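*Asks:* Sharing a structure below in structure tokens format, with a few things to ask.
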Amino acid sequence: MSTLQLGFRERQTPQSVRQVVSADASSMDRESNSIENGQRALLNILEDFAAERSSLECGQRAMLNILDDFDAEKARMEGTQRAVLNILEDSVGEKTQLEAAQRSMLNILDDFSEEKTRLEETQRAVLNILDDFETEKNKVGVANQQLEKEIDERKRVETQVQGVNTELLAANKELEAFSYSVSHDLRAPLRGIDGFSLALLEDYGDKLDEDGRDYLHRVRAATQRMGTLIDDLLNLARVTRTEMRLEKADLGVIARSVAAELKRTQPDRKAQFQIEERLDTFVDSHLIRITLENLLGNAWKFTSKREVACIEFGRTDCDGRPAYYVRDNGAGFDPAYAERLFGAFQRLHDSSDFPGTGVGLATVQRIIHRHGGRIWAESAVDQGATFYFTLSETRHRGA
């Protein structure tokens with residue numbers, strides 16, 4: 001029941017009671033007690049009702065206060081909610097930043113892990129290098145000790161070489177004196193023997209029988225051969241003592257000149273020379289000419305029994321460096337005796353078949369050695385021969 005209805009009934013109820021009391025006073029006497037009781041009961045009810053109304057009004061005011069407080073609380077709650085939403089929005093942004101920072105941190109940690117791994121590998125490599133360095137240091141120490149020994153040994157050898165050089169100078173002087181003696185003291189008797197033998201043949205040849213004349217011819221041939229041998233020995237000695245004068249030369253030109261001279265000695269022989277063009281190098285031209293004269297001369301000599309002689313001179317490769325060769329289709333030789341070829345007075349053929357003193361190849365070997373090279377031969381009996389020789393690699397590059 002609302003407050004307005006309660007107020008209306010409170011105003012009407014006393015007026016109705018007064019009307020009933022004035023009209024029926026007499027009739028109501030007997031009922032006055034019951035009415036009074038009822039009135040008191042009603043008053044009590046009204047009092048209770050008023051108390052209830054007061055209580056209700058207090059409750060209503062409390063409810064209104066509560067509603068007012070609820071609106072304020074609602075406003076505060078909405079403010080709080082907006083603040084919470086703002087905080088949540090900030091939290092989301094912060095969370096995104098935190099996640100990005102976390103990812104960056106993880107990337108940094110990954111990079112740090114890789115860098116750590118590389119650093120460890122580098123550290124191991126450095127340790128290995130240090131170990132190797134220590135090993136190398138020990139090796140260098142040992143090498144230094146060996147080098148010091150070698151230096152001491154070299155000094156000792158140099159001292160010995162100086163002594164040997166001194167002895168060699170003395171020996172060269174003695175050799176020069178011997179060469180002079182051979183050149184003058186031996187040639188004079190040989191010239192005398194040859195001259196008197198020729199005089200005997202010319203003046204008394206008709207008084208000698210065939211054997212006597214043959215003996216004199218043999219004496220002359222022997223003296224002439226002795227003269228040739230002396231010349232070869234003197235040339236061999238000169239090759240050792242002659243000062244080297246290196247210059248750029250075309251070996252093909254020198255070889256063609258030597259071949260032309262050989263053809264003039266026996267113009268009726270059928271011989272084919274194949275000489276390569278443009279064989280430029282740095283050599284002592286005089287000594288190399290002696291070399292080619294001997295090698296081409298031997299090829300010319302040992303092909304003398306061929307119907308057509310074939311002689312080649314050219315350049316090839318041997319172990320990555322140039323090698324020159326003289327090849328022929330002559331008598332050849334047994335390869336088992338190839339090492340003997342370059343010794344003085346060493347011959348592999350009878351002098352009656354192929355004349356010579358056996359000094360030419362020894363001279364050639366000394367010349368090639370003085371040019372910083374080596375010489376060797378390949379052959380087989382009756383299948384021709386090939387002589388190879390090299391020159392100093394540095395000088396060849398200089399060409």
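Order determines the names: the first chain of the structure tokens is A, the second B, and so forth; residues in each chain are numbered 1 upward, and ligands are numbered 1 upward as they are shown.
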With DSSP run on the backbone, what are the helix (DSSP H, G or I) residues within region 204-280 of chain A? I'd like them as an MDAnalysis selection string.
*Replies:* chainID A and resid 204:207 210:241 251:265
*Asks:* Run DSSP on the backbone of this structure and report the residues of region 196-347 of chain A it assigns to strand (DSSP E or B), as number ranges by chain.
*Replies:* A: 247-250, 271-275, 280-283, 309-318, 321-328
*Asks:* Write out, as a PDB file, in the first residue's frame, the residues just selected, with C-alpha atoms.
*Replies:*
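The result, written out as again.pdb:
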ATOM      1  CA  GLU A 247     125.182 -13.676 -75.428  1.00  0.00           C
ATOM      2  CA  LYS A 248     121.948 -14.256 -77.239  1.00  0.00           C
ATOM      3  CA  ALA A 249     122.453 -16.709 -80.106  1.00  0.00           C
ATOM      4  CA  ASP A 250     120.356 -18.776 -82.497  1.00  0.00           C
ATOM      5  CA  ALA A 271     122.916 -36.289 -96.586  1.00  0.00           C
ATOM      6  CA  GLN A 272     119.737 -34.617 -95.385  1.00  0.00           C
ATOM      7  CA  PHE A 273     119.970 -32.074 -92.563  1.00  0.00           C
ATOM      8  CA  GLN A 274     116.765 -31.034 -90.766  1.00  0.00           C
ATOM      9  CA  ILE A 275     117.535 -28.085 -88.499  1.00  0.00           C
ATOM     10  CA  ASP A 280     117.329 -18.527 -79.496  1.00  0.00           C
ATOM     11  CA  THR A 281     119.007 -18.758 -76.099  1.00  0.00           C
ATOM     12  CA  PHE A 282     121.845 -17.208 -74.072  1.00  0.00           C
ATOM     13  CA  VAL A 283     125.122 -19.124 -74.479  1.00  0.00           C
ATOM     14  CA  ALA A 309     122.359 -39.846 -94.091  1.00  0.00           C
ATOM     15  CA  CYS A 310     119.545 -38.224 -92.064  1.00  0.00           C
ATOM     16  CA  ILE A 311     120.679 -35.799 -89.357  1.00  0.00           C
ATOM     17  CA  GLU A 312     118.298 -33.674 -87.238  1.00  0.00           C
ATOM     18  CA  PHE A 313     118.840 -30.829 -84.800  1.00  0.00           C
ATOM     19  CA  GLY A 314     115.994 -29.314 -82.792  1.00  0.00           C
ATOM     20  CA  ARG A 315     114.447 -28.600 -79.423  1.00  0.00           C
ATOM     21  CA  THR A 316     111.977 -30.624 -77.321  1.00  0.00           C
ATOM     22  CA  ASP A 317     110.651 -30.699 -73.752  1.00  0.00           C
ATOM     23  CA  CYS A 318     112.217 -32.821 -71.045  1.00  0.00           C
ATOM     24  CA  ARG A 321     112.318 -27.654 -69.471  1.00  0.00           C
ATOM     25  CA  PRO A 322     113.720 -27.344 -73.023  1.00  0.00           C
ATOM     26  CA  ALA A 323     116.238 -29.884 -74.251  1.00  0.00           C
ATOM     27  CA  TYR A 324     118.156 -29.779 -77.531  1.00  0.00           C
ATOM     28  CA  TYR A 325     118.918 -32.912 -79.520  1.00  0.00           C
ATOM     29  CA  VAL A 326     121.034 -34.220 -82.406  1.00  0.00           C
ATOM     30  CA  ARG A 327     119.561 -37.341 -84.003  1.00  0.00           C
ATOM     31  CA  ASP A 328     121.000 -39.531 -86.787  1.00  0.00           C
TER      32      ASP A 328
END
*Asks:* Pick the closest to Val364 (chain A) from A:Ala336, A:Ala72, A:Ile290, A:Ala299: which is it, counting only C-alpha atoms?
*Replies:*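 With only C-alpha atoms as the atom set, the closest residue is A:Ile290.
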*Asks:* Could you please determine the separation between CA of Glu89 (chain A) and CA of Ile108 (chain A) in Å, to one decimal place?
*Replies:*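 These two atoms are separated by 28.0 Å.
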*Asks:* How many Å separate CA of Val258 (chain A) from CA of Asn294 (chain A)?
*Replies:*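 Between CA of Val258 (chain A) and CA of Asn294 (chain A) the gap is 9.6 Å.
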